[in-house]
>>> print(open('data.cif').read())   # mmCIF, C-alpha atoms
data_my_file
#
loop_
_atom_site.label_atom_id
_atom_site.label_comp_id
_atom_site.auth_asym_id
_atom_site.auth_seq_id
_atom_site.Cartn_x
_atom_site.Cartn_y
_atom_site.Cartn_z
CA MET P 695 -4.73 38.26 14.40
CA THR P 696 -4.28 36.57 11.02
CA THR P 697 -5.63 33.11 10.35
CA HIS P 698 -3.56 30.95 8.02
CA THR P 699 -4.92 27.87 6.35
CA GLY P 700 -2.79 24.71 6.45
CA TRP P 701 -1.12 23.02 3.52
CA HIS P 702 -3.70 21.61 1.14
CA GLY P 703 -1.29 19.77 -1.11
CA ARG P 704 -0.24 20.31 -4.70
CA PHE P 705 -2.58 20.74 -7.60
CA PHE P 706 -1.74 19.68 -11.15
CA GLU P 707 -0.24 23.07 -12.01
CA ASP P 708 2.19 22.84 -9.06
CA PHE P 709 4.08 19.78 -10.33
CA VAL P 710 7.40 20.42 -12.12
CA ILE P 711 9.19 17.57 -13.84
CA GLY P 712 12.42 16.80 -12.00
CA ASP P 713 11.34 18.28 -8.65
CA VAL P 714 12.17 16.10 -5.63
CA TYR P 715 10.00 16.08 -2.51
CA GLU P 716 11.63 14.96 0.74
CA HIS P 717 8.56 13.87 2.68
CA PRO P 718 8.72 15.22 6.23
CA LEU P 719 7.20 12.43 8.30
CA GLY P 720 9.15 9.33 9.25
CA ARG P 721 7.55 6.35 10.92
CA THR P 722 8.94 3.63 13.17
CA VAL P 723 7.16 0.35 12.42
CA THR P 724 6.08 -1.95 15.22
CA THR P 725 5.14 -5.53 15.93
CA THR P 726 1.52 -4.44 16.29
CA ASP P 727 1.57 -2.75 12.86
CA ASN P 728 2.93 -5.93 11.32
CA MET P 729 0.53 -8.34 13.00
CA TRP P 730 -2.60 -6.27 12.50
CA PHE P 731 -1.90 -5.46 8.86
CA THR P 732 -0.91 -9.05 8.08
CA LEU P 733 -3.97 -10.57 9.73
CA LEU P 734 -6.29 -7.85 8.40
CA THR P 735 -5.21 -8.71 4.86
CA GLN P 736 -5.46 -12.47 5.52
CA ASN P 737 -1.79 -13.05 4.76
CA THR P 738 -0.99 -16.39 6.38
CA ALA P 739 2.82 -16.26 6.01
CA PRO P 740 4.06 -16.87 9.59
CA VAL P 741 7.27 -14.90 9.00
CA HIS P 742 5.17 -11.78 9.67
CA PHE P 743 3.41 -12.74 12.88
CA ASP P 744 5.05 -15.81 14.47
CA HIS P 745 8.25 -14.70 16.20
CA GLU P 746 9.36 -18.28 16.94
CA TYR P 747 8.94 -19.26 13.29
CA ALA P 748 10.75 -16.10 12.14
CA LYS P 749 13.72 -16.86 14.44
CA LYS P 750 14.33 -20.00 12.35
CA THR P 751 14.59 -18.07 9.05
CA GLU P 752 17.76 -16.56 7.66
CA PHE P 753 16.55 -13.18 8.93
CA GLY P 754 16.20 -14.40 12.52
CA GLN P 755 13.28 -12.08 13.17
CA PRO P 756 9.88 -11.17 11.69
CA LEU P 757 9.81 -9.39 8.35
CA MET P 758 7.40 -6.51 7.94
CA ASN P 759 4.65 -7.35 5.49
CA SER P 760 5.80 -5.91 2.15
CA ALA P 761 2.30 -4.66 1.33
CA PHE P 762 2.43 -2.70 4.61
CA THR P 763 5.76 -1.18 3.56
CA LEU P 764 4.29 -0.14 0.19
CA SER P 765 1.18 1.29 1.89
CA LEU P 766 3.12 3.20 4.54
CA VAL P 767 5.53 4.79 2.08
CA THR P 768 2.66 5.67 -0.26
CA GLY P 769 0.92 7.29 2.69
CA GLN P 770 4.02 9.34 3.49
CA THR P 771 3.79 10.89 0.00
CA VAL P 772 0.15 11.98 0.12
CA GLY P 773 0.68 15.50 1.48
CA ASP P 774 3.07 16.32 -1.35
CA VAL P 775 1.77 14.19 -4.21
CA SER P 776 -1.85 13.12 -3.93
CA GLN P 777 -3.62 15.25 -1.33
CA ASN P 778 -5.76 16.54 -4.20
CA VAL P 779 -6.11 13.24 -6.02
CA PHE P 780 -9.08 12.43 -8.20
CA ALA P 781 -7.84 8.84 -8.65
CA ASN P 782 -4.80 6.63 -8.36
CA LEU P 783 -4.25 5.14 -11.80
CA ALA P 784 -1.27 2.81 -11.33
CA TRP P 785 1.60 1.56 -9.24
CA ASP P 786 4.39 0.23 -11.44
CA LYS P 787 7.93 -1.12 -11.08
CA ILE P 788 7.50 -1.96 -7.39
CA LYS P 789 10.78 -3.23 -5.95
CA LEU P 790 11.66 -4.33 -2.43
CA PRO P 791 15.49 -4.47 -2.46
CA ASN P 792 16.02 -4.72 1.33
CA PRO P 793 13.89 -6.18 4.13
CA VAL P 794 12.07 -4.08 6.70
CA PHE P 795 12.08 -5.27 10.29
CA GLU P 796 9.99 -4.33 13.30
CA GLY P 797 11.64 -1.28 14.86
CA ASP P 798 12.92 0.19 11.58
CA THR P 799 12.11 3.84 10.87
CA LEU P 800 11.06 4.62 7.32
CA HIS P 801 11.30 7.90 5.40
CA SER P 802 10.62 8.62 1.76
CA ARG P 803 11.24 10.94 -1.16
CA THR P 804 9.53 11.38 -4.51
CA THR P 805 10.70 12.68 -7.88
CA VAL P 806 8.24 14.06 -10.44
CA LEU P 807 8.73 12.13 -13.70
CA ASP P 808 6.06 13.55 -15.96
CA ARG P 809 2.81 15.45 -16.16
CA ARG P 810 0.22 15.88 -18.86
CA GLU P 811 -3.22 17.30 -19.34
CA SER P 812 -6.10 14.85 -19.26
CA SER P 813 -7.66 14.49 -22.69
CA SER P 814 -11.04 13.47 -21.25
CA ARG P 815 -11.35 15.47 -18.00
CA PRO P 816 -10.53 19.19 -18.12
CA SER P 817 -10.66 19.48 -14.30
CA VAL P 818 -7.65 17.19 -13.76
CA GLY P 819 -4.16 16.38 -14.99
CA ILE P 820 -2.09 13.22 -14.87
CA VAL P 821 1.18 13.13 -12.92
CA GLY P 822 3.81 10.38 -12.84
CA VAL P 823 6.21 10.10 -9.91
CA ALA P 824 8.94 7.79 -8.65
CA THR P 825 9.15 7.17 -4.90
CA GLU P 826 11.83 5.62 -2.73
CA GLY P 827 11.32 4.54 0.85
CA PHE P 828 14.40 4.05 2.98
CA ASN P 829 15.24 2.94 6.51
CA GLN P 830 17.23 4.65 9.24
CA ARG P 831 20.47 3.40 7.66
CA GLY P 832 19.61 5.01 4.32
CA GLU P 833 19.00 1.65 2.63
CA ILE P 834 16.22 1.69 0.04
CA VAL P 835 13.53 -0.74 1.17
CA VAL P 836 10.88 -0.01 -1.46
CA SER P 837 10.74 1.87 -4.74
CA PHE P 838 7.91 2.33 -7.17
CA GLU P 839 6.42 4.54 -9.83
CA ARG P 840 2.91 5.84 -9.38
CA THR P 841 0.50 7.59 -11.72
CA VAL P 842 -2.17 9.84 -10.23
CA MET P 843 -4.94 11.96 -11.63
CA VAL P 844 -4.80 15.25 -9.71
CA TYR P 845 -7.28 18.11 -9.62
CA ARG P 846 -6.36 21.39 -11.28
CA LYS P 847 -6.55 24.57 -9.21
CA GLY P 848 -10.13 25.70 -8.75
CA PHE P 849 -11.58 22.19 -9.15
CA GLY P 850 -12.41 19.30 -6.86
CA PRO P 851 -14.06 19.10 -3.45
CA ARG P 852 -12.10 22.06 -2.04
CA ALA P 853 -12.90 24.40 -4.93
CA GLU P 854 -16.12 25.68 -3.37
CA ALA P 855 -14.45 26.24 0.03
CA SER P 856 -11.56 28.12 -1.63
CA THR P 857 -13.97 30.29 -3.60
CA SER P 858 -16.07 30.98 -0.48
CA ALA P 859 -13.02 31.90 1.59
CA THR P 860 -11.76 34.25 -1.13
CA SER P 861 -15.15 35.99 -1.51
CA GLU P 862 -15.52 36.34 2.29
CA GLU P 863 -12.15 38.09 2.49
CA ASN P 864 -13.21 40.66 -0.16
#
>>> encode(input="data.cif", output="structure tokens")
Amino acid sequence: MTTHTGWHGRFFEDFVIGDVYEHPLGRTVTTTDNMWFTLLTQNTAPVHFDHEYAKKTEFGQPLMNSAFTLSLVTGQTVGDVSQNVFANLAWDKIKLPNPVFEGDTLHSRTTVLDRRESSSRPSVGIVGVATEGFNQRGEIVVSFERTVMVYRKGFGPRAEASTSATSEEN
């Protein structure tokens, strides 16, 4: 029997400018997600957690907390973009062109914009990406650019485990 290790994400060398990653996991958002995240972050806007208040708005229902939307879509990208992150450096150009409602299902995709060597840390590189999150109707609900510092192959917390596994196989 052969043992196969799971996906450990991309390293700096794996990023190609122009590549598009269709992230595999969608997520249906719930009332509980909205209330817990909103209250956890001390957001007091009742449009997120008071259904009676929200009924009186032009939307007629609660809006998902936009910071939750950003967080969820960022999370959907981790396996392809930042599984081997040293640090997040920036989120830029965040846009929320359409509302997200409880019960919507979100998916996402990311395009690699740029990559460069780090001038101060030889064990990492810097990657810029653009991500779009969209609902079940294909409407973009969030878009942003993100800059991450990603480990190079052979570096980072998994480097020792990779080296050990390789030497054990020999």
>>> residues_around(input="data.cif", residues="Tyr715 in chain P", least_positions_apart="6", cutoff="9 Å", atoms="all atoms listed in the file", output="PyMOL selection string")
chain P and resi 771+774-775+802-806
>>> closest_residue(input="data.cif", among="P:Phe706, P:Pro740, P:Leu734, P:Gly832", to="Pro816 in chain P", atoms="only C-alpha atoms")
P:Phe706
>>> resolve_selection(input="data.cif", expression="the PyMOL selection byres ((chain P and resi 834) around 10)", output="ChimeraX atom specification")
/P:789-794,800-802,826-833,835-837
>>> residues_around(input="data.cif", residues="range 725-728 of chain P", least_positions_apart="6", cutoff="9 Å", atoms="only C-alpha atoms", output="MDAnalysis selection string")
chainID P and resid 742:743 756:759 762 795:797
>>> resolve_selection(input="data.cif", expression="the PyMOL selection byres ((chain P and resi 770) around 9)", output="PyMOL selection string")
chain P and resi 717-721+765-769+771-774+801-803
>>> atom_distance(input="data.cif", atom1="CA of Gly700 in chain P", atom2="CA of Gly822 in chain P")
24.9 Å
>>> atom_distance(input="data.cif", atom1="CA of Thr722 in chain P", atom2="CA of Phe753 in chain P")
18.9 Å
>>> atom_distance(input="data.cif", atom1="CA of Glu707 in chain P", atom2="CA of Ile820 in chain P")
10.4 Å
>>> closest_residue(input="data.cif", among="P:Asp786, P:Glu716, P:Asp798, P:Glu746", to="Glu839 in chain P", atoms="only C-alpha atoms")
P:Asp786
>>> closest_residue(input="data.cif", among="P:Ala781, P:Val844, P:Leu733, P:Ile788", to="Thr825 in chain P", atoms="all atoms listed in the file")
P:Ile788
>>> closest_residue(input="data.cif", among="P:Thr724, P:His702, P:Gln755, P:Thr735", to="Arg852 in chain P", atoms="only C-alpha atoms")
P:His702
>>> axis_aligned_box(input="data.cif", around="range 731-736 of chain P", padding_each_side="3 Å", output="AutoDock Vina command-line options")
--center_x -3.6 --center_y -9.0 --center_z 7.3 --size_x 11.4 --size_y 13.0 --size_z 10.9
>>> resolve_selection(input="data.cif", expression="the PyMOL selection byres ((chain P and resi 840) around 9)", output="list in words")
Asn782, Leu783, Ala784, Trp785, Asp786, Lys787, Val821, Gly822, Val823, Ala824, Thr825, Phe838, Glu839, Thr841 and Val842 of chain P
>>> closest_residue(input="data.cif", among="P:Asn778, P:Thr763, P:Thr696, P:Thr799", to="Met843 in chain P", atoms="all atoms listed in the file")
P:Asn778
>>> closest_residue(input="data.cif", among="P:Phe705, P:Trp730, P:Ile711, P:Lys750", to="Val818 in chain P", atoms="only C-alpha atoms")
P:Phe705
